[in-house]
Amino acid sequence: MRRCEPSPDEDQPRTDALEESGPCENNPKEDAVTAPPILILHSPGTNRDAEAALAVKLAGGDPSIVSMNGLRGGAVSVSGFAALVLPGGFSYGDALGAGTRLALELRTWLYEELAGAVRSGRPVLGICNGFQALLKSGLLGEPGAPRRVTLTDNANGLFECRWVNLRVEPGCRSGWLSAIEGALIRCPVAHGEGRVAVTDPEVVRNLEDEGLVAFRYLSEDSHAEVERVAGGHYPANPNGSVADIAGLCDPTGTAVGLMPHPEDHVVDWQRPGGPPGGRGLALFEALVDAAR
Amino acid sequence: MPTTHAGKGSGVGSGVPVRIQVTSSDDPRAGRIVEGARLLGVSGLVACRVSRVHYLQGDLSAADVERLCREVLVDPVVDELVVGSPATTPHPAVEVAPRPGVTDTEARELERAAAALGLPPVLASTARRYELIGDLDTAAVSAISSRLLANDTIEQHSLGPIPPSFDAPATAGARVESVTLSGLADADLLSLSRERLLSLDLAEMRAIQEHFGREGREPTDAELETLAQTWSEHCLHKTFRARVRLEHTRADGSVTVARYNGLLAALRTVTEELDPPWLRSAFDDNAGIVAFDDDFDLAFKVETHNHPSALEPFGGANTGIGGVVRDVMGVSARPIACTNVLCFGPPDLADRDLPPGVLHPRRVRDGVVAGIGDYGNKLGLPTVNGAVLYDEGYVANPLVYCGALGLLPSGSHPTEPKVGDGIIAIGGRTGRDGIHGATFSSAGMDEATAEQAGTVVQIGDPITEKGCIEVVEEARDLRLYHAITDCGAGGFSSAVGEMGEHLGAEVDLVGAPLKYEGLEPWEIWLSEAQERMVMAVPPGAVETLRHLCDRHDVEMTDLGSFTGTGRLVVRYGEQPVVDLPMDFLHGGVPRREMVGRWADPVPEPVRWPAADPARLVLDLLSHPTVASKEAIVRTYDHEVRGGTVGRPFVGVRADGPGDGAVLKPLGTWGHDMAVALAVGINPRIGRLDPWAMALHAIDEAVRNLVAVGADPGRVALLDNFCWGDPTKPDRLGSLVRAVEGCLEGARRYRMPFISGKDSLFNEFAGEAIPGTLLISALGLVPDLHRTLGSALTGAGHDLWLVGEPSDRLGGSLVAELLGIGDRLVPPAVEDPLRRYQAVHRLIAEGSVTAAHDVSDGGVAAALAEMAVGGRLGVEVTVPAPGESVVVALTNEAPGRLLLESPRARRDHIEARLGPLGRRVGTVTAEPSIRICVAGPAGGPIPHREPVTIDLDAAVRAFTGRGSAPDGRP
């Protein structure tokens with residue numbers, strides 16, 4: 001992984017959490033054939049950027065953690081990347097609500113670049129805080145349409161950290177998720193505002209009919225052979241999300257967001273026992289494949 | 001987005017603030033408030049409507065306000081908006097706002113959001129509104145307001161709106177006061193110390209008087225404050241540096257006298273004796289440092305934040321985490337995990353037993369837990385290990401231990417500032433918050449403390465600290481600084497004073513960025529405002545550092561430089577503020593001579609009350625100290641950074657207790673080694689025998705580490721002493737005995753202490769807490785794939801018990817529960833390393849499938865916990881130290897571990913353990929825990945049926961949950 005922004009000292013690029021590092025290149029497209037360049041967006045308070053970068057790396061991508069100020073200053077451009085990940089965290093402290101301030105940044109000066117990425121079919125993945133920001137920025141909805149879905153306080157009013165079972169929803173219209181359609185993923189949630197809420201029940205039917213539901217929470221005893229949705233039950237559905245929805249995609253299927261953290265389950269030893277499989281790495285492999 | 005424009009206040013002019021009230025249609029906080037009122041004993045509250053209130057002052061048009069609401073403040077799916085005065089309501093509407101000067105990150109972010117939208121500059125202020133629906137009289141509303149919704153220390157509340165206050169851009173007042181010392185008699189010196197909250201004793205005041213007598217002038221207010229902070233118990237550890245005499249009366253009446261030329265020096269001496277090759281830094285830096293692998297070192301530090309947490313639990317614990325994380329940054333480490341150990345009064349304490357001026361233990365707990373979660377989660381650090389204890393000794397003075405672990409490349413921490421280096425501060429702005437924190441924590445508390453402490457208690461701002469973490473890590477890798485330290489107690493004064501101790505420093509306070517106007521120079525200099533670091537930066541590196549800070553939105557200030565004059569010189573522009581020789585600041589404090597007295601308890605005959613053993617085991621499992629802490633720990637992110645291998649919860653339903661944390665740091669995935677953290681603490685033993693408390697706590701921490709797979713040959717220890725007023729001989733006597741226990745423990749376990757901290761004066765109205773030693777242990781797991789949990793894994797597996805029981809119940813939980821007045825505690829382990837090395841070898845080679853330490857509640861509780869975790873039964877025969885089944889099941893003798901292994905490993909394990917352990921039974925598929933008790937000679941105790949506990953009952957007792965799959969405690 002590289003930090004592709006003006007380094008204060010060009011001879012010493014950041015290597016951060018990864019085992020390997022390479023020289024910081026200003027044109028990451030050069031090795032796109034083998035490892036597509038993937039932007040990991042870092043804003044103040046972002047915190048699972050290193051894990052997201054590691055997941056992208058293990059999936060065969062070439063991640064770069066880029067700060068908001070790096071993008072804002074124009075030193076790095078979204079257009080130079082084949083895919084974009086908005087990782088988890090508490091952007092700007094989430095002091096005005098989870099992802100709200102980041103969503104404002106995305107809307108006020110980054111919207112065209114992001115919408116352009118989505119139009120051109122370059123995958124965009126928002127995880128946890130990244131999902132909250134994508135949703136609240138409007139990037140997951142029809143452009144200009146009033147927002148009818150939100151992410152708000154967990155039903156119990158508390159931050160909650162636990163492992164959950166997820167299913168990549170069959171029938172989801174996301175092209176790049178189709179490679180892992182129906183797959184079961186086990187990974188942790190860690191959030192206080194992850195409850196999917198809608199203006200009225202009709203909205204859920206619309207989401208389902210349109211194939212916009214990308215992930216659902218499954219029951220605790222689900223495994224590769226037997227899958228049951230959580231049925232609204234805590235803790236399998238950890239936050240009270242309507243219809244067990246854990247993640248959504250935009251109408252083009254290019255932008256995808258989810259609350260759980262697949263980047264925290266990329267190798268087997270990260271899993272707290274239980275049946276084998278269910279690695280979140282599969283999601284990043286799908287993302288990288290689509291970015292090639 | 002239903003919008004109501006109510007009242008007349010919605011027109012925005014520059015003078016009239018606009019009020020914006022946002023209400024979420026299904027805010028879960030409402031339900032928690034109704035439940036909280038019920039727990040307070042206030043009946044009649046049936047529902048609550050919670051609103052966020054924002055005031056904006058600035059030149060905003062109605063369209064600007066509408067846009068700000070739409071873009072930032074109002075969620076179109078769940079929120080309702082009222083701009084202007086709130087509609088009248090038949091229900092009492094309590095509004096709560098932070099007091100002026102209290103950190104309000106929501107207001108700050110709102111101001112920044114308005115700027116991001118290109119709106120004219122605005123000032124923001126926030127409040128919360130609670131409409132209380134139900135049948136409530138004035139007293140009920142008042143109780144809910146002051147005991148549930150607002151904390152007077154940092155917040156104001158009223159029925160209806162509170163006029164907003166806006167923090168204006170800051171310029172400091174320039175007043176420097178001269179304080180007359182010359183000619184003051186002893187009594188006057190002491191009253192001056194009291195009035196100015198200096199916490200200095202007569203000898204110290206005299207030393208200061210003499211120094212300025214020699215200089216031929218009076219000190220400035222800032223000089224006096226600087227000396228008071230630097231010489232405070234909190235910063236200087238005067239008790240731990242004092243010459244101490246211990247008069248120790250033994251149970252047989254004989255008296256021995258021991259003399260220590262400094263307790264801290266004694267602890268250091270043992271570390272120097274042991275001097276393992278992997279030790280990098282002990283006691284010298286802000287955190288202890290040990291080697292991890294060929295490339296990286298680990299830094300570990302545990303602090304306490306007790307008094308602030310007693311007064312403002314959220315803020316106190318919040319800034320406790322912030323502070324200890326900065327300690328780890330202060331040794332150039334990237335923080336990678338947090339720990340915490342919390343001691344509270346009983347959660348079900350009756351109101352009549354609550355001293356005046358004290359918050360209820362439940363409120364303290366809820367606030368502390370929320371504060372710890374908020375800070376650690378927002379820093380992106382996994383909160384992985386700790387403990388929660390409940391004891392009546394902590395009602396008025398809770399203990400909040402906060403720990404942080406960091407990772408740094410070996411040899412990357414520079415510690416030598418050079419003449420000419422800039423004194424660079426980064427991070428948060430300076431305010432009046434936290435003034436006198438160090439001296440405040442160096443005195444006891446009483447009823448009036450909460451009122452006096454307004455400036456001491458702070459709310460943290462984790463996102464500012466997060467930026468500092470990133471800047472410091474990058475600055476370290478680019479070698480931009482020659483020294484670094486955190487701004488903790490004493491603020492700039494101690495950071496600059498310590499860093500420049502051998503050089504001298506010159507500081508101009510004019511450039512220091514302030515939160516609001518009106519601070520006097522001494523306040524800027526002494527403020528303990530959070531989230532600040534100070535670095536010694538060579539002139540050529542300052543611009544590069546500034547680039548880094550800009551990238552991460554971190555504020556950076558050049559305060560001055562290190563000079564080589566040996567003096568600490570502080571100016572405010574042209575005005576002199578401080579001019580002190582470093583050698584007087586750091587060496588001028590008179591050394592204390594102190595006396596401690598301790599008498600071992602005289603044993604008394606013990607009567608065993610009759611108890612149904614099965615019922616008793618369930619009562620122990622459901623005791624708040626033993627029962628699952630899931631309701632607390634799930635609110636901490638323990639997974640972030642993707643390296644948590646040993647978790648707080650284990651087993652098939654992830655609700656069995658984990659013994660210790662195992663972490664695989666990001667950036668070290670090239671090998672299989674991992675880090676393990678565990679704690680040991682037992683104030684019940686300390687009440688009877690503080691020496692034994694130390695050995696038991698060390699043993700508990702170590703056996704927890706061994707249980708998760710750590711190598712007992714690579715363990716480093718941290719001590720944290722929380723005691724009462726050490727000038728009282730009984731408190732000091734107990735403290736010295738605990739230190740003696742630590743010295744013995746370090747030698748016996750061959751584990752060095754690498755860092756420690758003491759928090760003394762934990763007293764309320766003259767009543768001390770039980771002296772409480774926390775031992776935190778840092779170990780290495782050779783292969784993370786061999787990390788174990790406590791949950792049973794397979795029916796038919798063997799169960800083993802390592803270690804021997806004791807017939808002494810002194811300090812045990814069962815003695816507390818049944819009121820057994822045993823004054824003898826179980827003996828400490830004589831030769832602990834042999835057994836732990838044997839167990840470690842078995843775990844490391846993969847022969848063991850589960851391991852659990854035996855501690856609070858004894859072997860029966862430990863077996864039940866393993867069964868709960870695995871949802872499997874057990875059938876065992878445990879050894880009895882005497883004729884009592886209850887004693888056999890519940891004694892808390894140290895040095896014991898339970899192991900589970902496959903049947904095929906039986907002969908091998910038997911050979912390896914020899915007399916160190918014994919096979920006690922098997923894991924079964926039956927949902928029951930069946931425990932027989934063998935007599936001292938090995939045969940069964942006659943006429944005793946096996947004690948049988950239903951697995952479901954054990955699950956319910958331990959987890960507090962009904963059998964419904966859906967319940968939350």
# chains A, B, ... in the order shown; residues from 1 in each chain; ligands from 1

$ residues_around --residues "Gly257 in chain A" --least-positions-apart "2" --cutoff "7 Å" --atoms "only C-alpha atoms" --output "list in words"
Leu125, Gly126, Ile127, Phe131, Gly247, Leu248, Cys249 and Ala255 of chain A

$ residues_around --residues "range 218-231 of chain A" --least-positions-apart "4" --cutoff "7 Å" --atoms "only C-alpha atoms" --output "number ranges by chain"
A: 165-167, 184, 236-237, 244

$ closest_residue --among "A:His42, A:His261, A:His233, A:Arg72" --to "chain B" --atoms "only C-alpha atoms"
A:His233

$ interface_residues --of "chain B" --to "chain A" --cutoff "6 Å" --atoms "only C-alpha atoms" --output "PyMOL selection string"
chain B and resi 28-29+77+106+378+380+463+544+551+634-635+637+642+666-667+966

$ residues_around --residues "Pro100 in chain B" --least-positions-apart "6" --cutoff "10 Å" --atoms "only C-alpha atoms" --output "list of chain:residue names"
B:Ser125, B:Ile154, B:Glu155, B:Gln156, B:Pro164, B:Ser165, B:Phe166, B:Asp167, B:Tyr516

$ residues_around --residues "range 64-67 of chain B" --least-positions-apart "4" --cutoff "9 Å" --atoms "only C-alpha atoms" --output "list in words"
Val12, Val18, Ile20, Leu56, Leu60, Glu71, Val72, Val83, Leu117, Leu119 and Pro120 of chain B

$ closest_residue --among "B:Arg243, B:Arg956, B:His307, B:Lys301" --to "Leu717 in chain B" --atoms "only C-alpha atoms"
B:Lys301

$ residues_around --residues "range 75-82 of chain A" --least-positions-apart "5" --cutoff "6 Å" --atoms "only C-alpha atoms" --output "PyMOL selection string"
chain A and resi 37-38+70+122+291

$ closest_residue --among "B:Cys722, B:Leu809, B:Cys487, B:Val270" --to "Pro398 in chain B" --atoms "only C-alpha atoms"
B:Cys722

$ residues_around --residues "range 682-691 of chain B" --least-positions-apart "5" --cutoff "10 Å" --atoms "only C-alpha atoms" --output "PyMOL selection string"
chain B and resi 343+389+391+393+598-602+696-697+700+733-745+769-775+809-813+815-816+822-826+828+855-856

$ atom_distance --atom1 "CA of Leu110 in chain A" --atom2 "CA of Pro251 in chain A"
19.5 Å

$ residues_around --residues "Pro123 in chain A" --least-positions-apart "4" --cutoff "8 Å" --atoms "only C-alpha atoms" --output "PDB file with C-alpha atoms, in the first residue's frame"
ATOM      1  CA  ALA A  82     -10.406   1.951 -10.494  1.00  0.00           C
ATOM      2  CA  ALA A  83     -12.474   1.664  -7.328  1.00  0.00           C
ATOM      3  CA  LEU A  84     -13.121   3.559  -4.123  1.00  0.00           C
ATOM      4  CA  ALA A 117     -17.077   7.054 -10.745  1.00  0.00           C
ATOM      5  CA  VAL A 118     -20.460   5.440 -10.207  1.00  0.00           C
ATOM      6  CA  TRP A 176     -19.948  -6.621  -9.066  1.00  0.00           C
ATOM      7  CA  THR A 254     -22.107   0.185  -8.596  1.00  0.00           C
ATOM      8  CA  ALA A 255     -22.123   1.882  -5.204  1.00  0.00           C
ATOM      9  CA  VAL A 256     -22.594  -0.522  -2.298  1.00  0.00           C
ATOM     10  CA  LEU A 287     -14.518  -5.472  -5.775  1.00  0.00           C
ATOM     11  CA  ALA A 290     -14.725  -5.628 -10.996  1.00  0.00           C
ATOM     12  CA  ALA A 291     -12.079  -2.917 -10.868  1.00  0.00           C
TER      13      ALA A 291
END

$ atom_distance --atom1 "CA of Ala934 in chain B" --atom2 "CA of Leu788 in chain B"
28.5 Å

$ atom_distance --atom1 "CA of Arg279 in chain A" --atom2 "CA of Val242 in chain A"
24.8 Å

$ select_by_dssp --residues "range 60-241 of chain A" --states "strand (DSSP E or B)" --output "MDAnalysis selection string"
chainID A and resid 62:67 83:86 89 124:127 149:152 160:168 184:191 195:198 213:218 229

$ write_last_selection --atoms "N, CA and C atoms" --output "compact mmCIF listing (two decimals), in the first residue's frame"
# COMPACT_ATOMS: atom_id res chain seq x y z
N ASP A 62 -4.44 -2.69 -5.43
CA ASP A 62 -3.32 -1.83 -5.05
C ASP A 62 -3.89 -0.62 -4.30
N PRO A 63 -4.00 -0.74 -2.96
CA PRO A 63 -4.68 0.31 -2.20
C PRO A 63 -3.81 1.53 -1.94
N SER A 64 -4.43 2.69 -1.91
CA SER A 64 -3.77 3.91 -1.47
C SER A 64 -4.69 4.62 -0.49
N ILE A 65 -4.17 4.89 0.70
CA ILE A 65 -4.96 5.66 1.67
C ILE A 65 -4.75 7.14 1.36
N VAL A 66 -5.82 7.83 1.01
CA VAL A 66 -5.73 9.23 0.59
C VAL A 66 -6.56 10.08 1.54
N SER A 67 -5.96 11.15 2.04
CA SER A 67 -6.71 11.99 2.97
C SER A 67 -7.64 12.93 2.22
N ALA A 83 -11.39 1.90 -8.29
CA ALA A 83 -12.47 1.66 -7.33
C ALA A 83 -12.19 2.52 -6.10
N LEU A 84 -13.20 2.65 -5.26
CA LEU A 84 -13.12 3.56 -4.12
C LEU A 84 -13.73 2.87 -2.91
N VAL A 85 -13.02 2.93 -1.78
CA VAL A 85 -13.57 2.40 -0.53
C VAL A 85 -13.65 3.53 0.49
N LEU A 86 -14.83 3.69 1.08
CA LEU A 86 -14.99 4.61 2.22
C LEU A 86 -15.05 3.76 3.47
N GLY A 89 -15.30 4.26 10.85
CA GLY A 89 -14.73 5.23 11.77
C GLY A 89 -15.77 6.20 12.27
N VAL A 124 -17.82 1.44 -5.91
CA VAL A 124 -17.67 2.26 -4.71
C VAL A 124 -18.23 1.45 -3.54
N LEU A 125 -17.43 1.28 -2.48
CA LEU A 125 -17.87 0.48 -1.33
C LEU A 125 -17.77 1.34 -0.07
N GLY A 126 -18.89 1.51 0.61
CA GLY A 126 -18.90 2.23 1.88
C GLY A 126 -19.13 1.25 3.00
N ILE A 127 -18.24 1.27 3.99
CA ILE A 127 -18.36 0.34 5.11
C ILE A 127 -18.64 1.14 6.37
N VAL A 149 -34.72 6.36 3.01
CA VAL A 149 -34.03 5.36 3.84
C VAL A 149 -32.96 6.09 4.64
N THR A 150 -32.78 5.67 5.88
CA THR A 150 -31.68 6.26 6.64
C THR A 150 -31.05 5.22 7.54
N LEU A 151 -29.92 5.62 8.15
CA LEU A 151 -29.27 4.82 9.19
C LEU A 151 -29.33 5.66 10.45
N THR A 152 -29.90 5.09 11.50
CA THR A 152 -30.08 5.87 12.73
C THR A 152 -29.73 5.02 13.94
N GLU A 160 -22.71 -1.14 19.66
CA GLU A 160 -22.72 -2.59 19.81
C GLU A 160 -21.61 -3.20 18.96
N CYS A 161 -20.81 -4.06 19.60
CA CYS A 161 -19.75 -4.76 18.88
C CYS A 161 -19.97 -6.26 19.03
N ARG A 162 -20.19 -6.97 17.93
CA ARG A 162 -20.33 -8.43 17.96
C ARG A 162 -20.23 -8.98 16.55
N TRP A 163 -19.91 -10.26 16.47
CA TRP A 163 -19.86 -10.91 15.16
C TRP A 163 -21.27 -11.25 14.71
N VAL A 164 -21.50 -11.11 13.41
CA VAL A 164 -22.82 -11.41 12.83
C VAL A 164 -22.63 -12.27 11.58
N ASN A 165 -23.73 -12.86 11.16
CA ASN A 165 -23.76 -13.58 9.88
C ASN A 165 -24.49 -12.72 8.86
N LEU A 166 -23.93 -12.65 7.68
CA LEU A 166 -24.50 -11.84 6.60
C LEU A 166 -24.71 -12.70 5.37
N ARG A 167 -25.66 -12.31 4.55
CA ARG A 167 -25.78 -12.95 3.24
C ARG A 167 -25.70 -11.88 2.16
N VAL A 168 -24.91 -12.17 1.16
CA VAL A 168 -24.94 -11.32 -0.04
C VAL A 168 -26.25 -11.64 -0.74
N LEU A 184 -22.32 -16.47 2.24
CA LEU A 184 -22.44 -16.13 3.65
C LEU A 184 -21.13 -15.51 4.11
N ILE A 185 -21.22 -14.39 4.78
CA ILE A 185 -20.04 -13.71 5.31
C ILE A 185 -20.20 -13.57 6.81
N ARG A 186 -19.16 -13.90 7.56
CA ARG A 186 -19.16 -13.67 9.01
C ARG A 186 -18.16 -12.58 9.31
N CYS A 187 -18.60 -11.60 10.06
CA CYS A 187 -17.69 -10.51 10.41
C CYS A 187 -18.33 -9.69 11.53
N PRO A 188 -17.57 -8.81 12.14
CA PRO A 188 -18.15 -8.04 13.25
C PRO A 188 -18.91 -6.80 12.79
N VAL A 189 -19.89 -6.41 13.61
CA VAL A 189 -20.42 -5.05 13.54
C VAL A 189 -19.80 -4.28 14.71
N ALA A 190 -19.71 -2.99 14.55
CA ALA A 190 -19.22 -2.12 15.64
C ALA A 190 -19.75 -0.73 15.36
N HIS A 191 -20.97 -0.48 15.82
CA HIS A 191 -21.57 0.82 15.52
C HIS A 191 -22.69 1.15 16.49
N ARG A 195 -29.01 1.22 12.42
CA ARG A 195 -30.36 0.70 12.16
C ARG A 195 -30.89 1.30 10.87
N VAL A 196 -31.20 0.43 9.92
CA VAL A 196 -31.83 0.89 8.68
C VAL A 196 -33.29 1.20 8.99
N ALA A 197 -33.69 2.45 8.72
CA ALA A 197 -35.08 2.86 8.95
C ALA A 197 -35.60 3.50 7.67
N VAL A 198 -36.91 3.39 7.48
CA VAL A 198 -37.52 3.89 6.24
C VAL A 198 -38.72 4.75 6.59
N VAL A 213 -31.45 -4.24 -2.06
CA VAL A 213 -30.95 -4.80 -0.80
C VAL A 213 -29.74 -5.68 -1.11
N ALA A 214 -28.58 -5.28 -0.59
CA ALA A 214 -27.34 -5.97 -0.94
C ALA A 214 -26.94 -7.01 0.10
N PHE A 215 -27.25 -6.75 1.37
CA PHE A 215 -26.87 -7.67 2.45
C PHE A 215 -27.99 -7.74 3.48
N ARG A 216 -28.17 -8.94 4.03
CA ARG A 216 -29.09 -9.09 5.16
C ARG A 216 -28.40 -9.83 6.30
N TYR A 217 -28.85 -9.53 7.53
CA TYR A 217 -28.38 -10.28 8.69
C TYR A 217 -29.06 -11.64 8.72
N LEU A 218 -28.26 -12.68 8.99
CA LEU A 218 -28.79 -14.03 9.13
C LEU A 218 -28.79 -14.44 10.60
N VAL A 229 -32.76 -15.96 7.70
CA VAL A 229 -32.59 -14.55 8.03
C VAL A 229 -32.85 -14.36 9.52
